[in-house]
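S.K.: After the structure tokens below, expect a handful of questions from me.
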Amino acid sequence: MSLINTTSELDELCNHLSNADFVTVDTEFHRESTYWPLLCLIQVGGPDKSYCIDTLNNDIDLTSLYKLLVNPKVIKVFHAARQDIEIFHHQANLIPTPLFDTQIAAMVCGFGESVGYETLVSKIIKINIDKSQRFTDWTRRPLSKKQLSYAISDVEHLREVFKELSMQLDKNKRIDWLKDEMEILTNPQTYNLNPNDAWKRIKSRDKKPRFLAVLRELAGWRESEAQKQNVPRRRIVKDEVLVELANLKPPDEQAIAQTRLSKFLVKSKYKEDILHAIRIGKKTPEDDCPKVIQKNKLEVGIGSVVELLKVLLKARSEQHNVAVKLIASVNDLQLIASDDEANVPSLKGWRREIFGEDAIKLKHGELSISISENKKIMTKTS
């Protein structure tokens with residue numbers, strides 16, 4: 001195995017890999033004590049050899065690697081790429097392209113919903129991955145041979161997984177089926193952590209606009225503070241404390257002192273910032289307060305239609321050997337049950353071909369569903 005420690009070694013490697021058809025990429029990072037992931041190691045696999053890049057070495061410049069990651073001639077292969085891409089987007093303001101995510105490709109090829117890397121390697125390569133280093137401390141230096149072997153194996157196995165999935169996609173003419181999902185992963189908006197949207201991740205039963213306005217200000221302040229200090233959100237203030245503050249809306253520190261969860265904030269350096277956020281939320285014009293769109297109750301009779309559509313969806317998933325999750329969501333089915341022209345992915349492109357058209361037919365009685373003698377779901381056009 002090769003451990004890259006210097007800029008010159010990395011430049012030589014990236015120059016060599018720039019002529020490859022694809023490279024496999026993985027990262028090891030820590031996030032337990034920081035807001036932004038601490039990138040500890042990058043693994044890169046070429047057509048015939050794999051390497052580890054020590055990103056914690058102060059003497060290494062990653063510029064040549066970043067250029068490789070956006071080289072349009074080289075496919076970048078990841079498994080479950082979102083967290084890895086988030087790191088590169090934050091560190092270098094880039095998104096690896098062109099991109100191939102083996103987890104999504106596996107769903108298209110019938111390996112199940114959000115299939116894990118270990119499962120995929122086991123099914124395709126017929127080997128079991130050593131899990132002993134899964135929870136290792138990647139910040140520790142020097143890295144042990146076991147750590148490096150574990151890290152390098154990820155991109156080595158990924159090479160074979162990519163080749164097999166690519167072959168299956170090409171054979172079944174399904175490369176285009178990945179397009180929508182890849183567009184989401186390569187869209188910068190996917191990784192923009194806007195503090196103004198932080199409140200949406202906090203669970204609360206209260207959906208009143210005024211409560212949400214105060215919660216938005218508090219959560220936005222906390223998000224900005226966590227980003228600035230590079231610490232986890234909970235280190236600033238926990239979710240349940242923000243919810244209590246948004247509910248009670250204390251006007252001053254005396255009122256905070258009388259709360260159950262938030263009273264410790266009276267002695268906190270954040271006290272004035274919190275009171276300021278509450279005041280802004282209380283003064284927000286009614287029209288500018290957040291509003292949660294409540295899901296409408298299904299029309300009478302629609303529920304049974306949705307259940308039938310679920311059966312059809314499962315049947316088409318098994319017939320075409322593609323994960324249900326990629327074809328349609330329950331929300332899609334509810335909208336289709338109410339509207340033949342619903343603006344949902346499952347009524348467009350390849351999804352419409354394998355499911356959407358039949359969903360409309362089933363809804364209008366032009367398609368029937370039955371169970372065969374061998375207990376398989378059968379459909380028949382009227």
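Lettering and numbering for the structure tokens are positional, with chains as A, B, ... in the shown order, residues counted from 1 in each chain, and ligands counted from 1 in the shown order.
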Please list as a CSV table (one decimal) with C-alpha atoms, in the first residue's frame every residue within 8 Å of Asn230 of chain A, counting only C-alpha atoms and excluding residues in the same chain fewer than 3 positions away.

M.R.:
```
chain,number,residue,atom,x,y,z
A,34,THR,CA,-16.6,19.8,15.4
A,35,TYR,CA,-19.3,21.3,13.2
A,36,TRP,CA,-17.3,20.8,10.0
A,226,ALA,CA,-21.6,26.7,15.7
A,227,GLN,CA,-20.2,27.3,12.2
```

S.K.: Enumerate the residues of segment 165-291 of chain A with a DSSP assignment of alpha helix (DSSP H), computed from the backbone, and present them as number ranges by chain.

M.R.: A: 165-171, 179-185, 209-229, 233-236, 239-248, 253-257, 271-283

S.K.: Segment 116-133 of chain A: which residues within 9 Å, counting only C-alpha atoms, same-chain residues fewer than 5 positions away excluded, as a ChimeraX atom specification?

M.R.: /A:79-80,102-103,106,111,146-147,150-151,153-154,157-158,160-161,164-165

S.K.: Restricting the calculation to only C-alpha atoms, which member of A:Glu183, A:Glu156, A:Asp340, A:Glu240 is positioned closest to Arg205 of chain A?

M.R.: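 The closest residue to Arg205 of chain A is A:Glu240.
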
S.K.: Restricting the calculation to only C-alpha atoms: of A:Leu185, A:Gly45, A:Thr284, A:Leu308, which residue gets closest to Gln334 of chain A?

M.R.: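 Closest to Gln334 of chain A, using only C-alpha atoms: A:Leu308.
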
S.K.: For a test of reading the model, state the distance in Å between atom CA of Leu367 of chain A and atom CA of Ser338 of chain A, rounded to one decimal.

M.R.: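 Atom-to-atom, atom CA of Leu367 of chain A and atom CA of Ser338 of chain A are spaced 17.3 Å apart.
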
S.K.: To one decimal place, how far is atom CA of Ser33 of chain A from atom CA of Thr55 of chain A in Å?

M.R.: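 Separation of atom CA of Ser33 of chain A and atom CA of Thr55 of chain A: 18.1 Å.
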
S.K.: Taking only C-alpha atoms into account, which of A:Asp252, A:Glu244, A:Asp339, A:Glu286 comes nearest Pro209 of chain A?

M.R.: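 Comparing A:Asp252, A:Glu244, A:Asp339, A:Glu286 against Pro209 of chain A, the winner is A:Glu286.
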
S.K.: Kindly give the distance, in Å, that separates atom CA of Glu357 of chain A and atom CA of Phe100 of chain A, rounded to a single decimal.

M.R.: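 Separation of atom CA of Glu357 of chain A and atom CA of Phe100 of chain A: 28.7 Å.
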
S.K.: Please identify all polymer residues within 9 Å of Asn247 of chain A, counting only C-alpha atoms, omitting same-chain residues fewer than 2 positions from it, and present them as number ranges by chain.

M.R.: A: 206, 211, 214-215, 242-245, 249-250

S.K.: Got time to write the residues from that selection, C-alpha atoms, as an mmCIF file, in the first residue's frame?

M.R.:
```cif
data_model
loop_
_atom_site.group_PDB
_atom_site.id
_atom_site.type_symbol
_atom_site.label_atom_id
_atom_site.label_comp_id
_atom_site.auth_asym_id
_atom_site.auth_seq_id
_atom_site.Cartn_x
_atom_site.Cartn_y
_atom_site.Cartn_z
ATOM 1 C CA ASP A 206 -46.000 23.299 17.938
ATOM 2 C CA PHE A 211 -43.546 29.970 17.594
ATOM 3 C CA VAL A 214 -38.902 32.690 17.186
ATOM 4 C CA LEU A 215 -37.515 29.188 16.669
ATOM 5 C CA LEU A 242 -34.468 26.195 21.813
ATOM 6 C CA VAL A 243 -37.967 24.695 21.673
ATOM 7 C CA GLU A 244 -38.663 25.760 25.262
ATOM 8 C CA LEU A 245 -37.422 29.293 24.575
ATOM 9 C CA LYS A 249 -40.496 33.626 24.609
ATOM 10 C CA PRO A 250 -38.903 35.020 27.793
#
```

S.K.: Need to verify the contact set: Phe29 of chain A, 8 Å, only C-alpha atoms, exclusion of same-chain residues closer than 4 positions in sequence. Can you return it as a PyMOL selection string?

M.R.: chain A and resi 37-41+138

S.K.: Show which residues sit within 8 Å of Asp21 of chain A, as a PyMOL selection string. Count only C-alpha atoms, and ignore same-chain residues fewer than 2 positions away.

M.R.: chain A and resi 19+23+73-75

S.K.: With only C-alpha atoms as the basis for distance, which of A:Ser224, A:Gln258, A:Asn331, A:Thr186 is at the shortest distance from Asp101 of chain A?

M.R.: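 Smallest separation from Asp101 of chain A among the options: A:Thr186.
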
S.K.: Quick one: everything within 12 Å of Lys49 of chain A, counting only C-alpha atoms, minus sequence neighbours fewer than 3 positions away in the same chain. Send it as a VMD selection string.

M.R.: chain A and resid 1 to 3 13 16 to 17 20 23 to 24 43 to 46 52 152 to 153 155 to 157 159

S.K.: Which residue gives the smallest distance to Arg31 of chain A among A:Glu223, A:Asp48, A:Asp137, A:Asp11, with only C-alpha atoms counted?

M.R.: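 Of the candidates, the smallest distance to Arg31 of chain A is held by A:Asp137.
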
S.K.: Please return as a CSV table (one decimal) with N, CA and C atoms, in the first residue's frame: the residues of segment 67-231 of chain A that backbone DSSP assigns to strand (DSSP E or B).

M.R.:
```
chain,number,residue,atom,x,y,z
A,75,ILE,N,-14.1,9.6,-14.4
A,75,ILE,CA,-15.3,9.4,-13.5
A,75,ILE,C,-14.8,9.2,-12.1
A,76,LYS,N,-15.5,9.9,-11.2
A,76,LYS,CA,-15.2,9.7,-9.8
A,76,LYS,C,-16.2,8.8,-9.1
A,77,VAL,N,-15.8,7.6,-8.6
A,77,VAL,CA,-16.7,6.6,-8.1
A,77,VAL,C,-16.6,6.7,-6.5
A,78,PHE,N,-17.8,6.8,-6.0
A,78,PHE,CA,-18.0,6.8,-4.5
A,78,PHE,C,-19.1,5.8,-4.1
A,99,LEU,N,-19.7,12.0,-11.7
A,99,LEU,CA,-19.9,11.3,-10.5
A,99,LEU,C,-20.6,10.0,-10.7
A,100,PHE,N,-20.2,8.9,-10.0
A,100,PHE,CA,-20.9,7.6,-10.0
A,100,PHE,C,-21.0,7.1,-8.6
A,101,ASP,N,-22.2,7.0,-8.1
A,101,ASP,CA,-22.5,6.6,-6.7
A,101,ASP,C,-22.9,5.1,-6.8
```

S.K.: Can you write out as a tab-separated table which residues of segment 171-249 of chain A fall within 12 Å of segment 320-326 of chain A, alongside each residue's closest atom pair and its distance in Å to one decimal, counting only C-alpha atoms and ordering rows by chain and ascending residue number?

M.R.:
```
residue	atom	partner	partner_atom	distance
A:Asn172	CA	A:His320	CA	9.9
A:Arg174	CA	A:Val322	CA	10.3
A:Trp177	CA	A:Leu326	CA	9.2
A:Leu178	CA	A:Leu326	CA	9.5
A:Lys179	CA	A:Leu326	CA	11.6
A:Asp180	CA	A:Leu326	CA	9.9
A:Glu181	CA	A:Leu326	CA	8.8
```

S.K.: I'd like to know which of A:Asp332, A:Asp176, A:Glu253, A:Glu113 is closest to Leu347 of chain A, using only C-alpha atoms.

M.R.: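 For Leu347 of chain A, the nearest of the candidates is A:Asp332.
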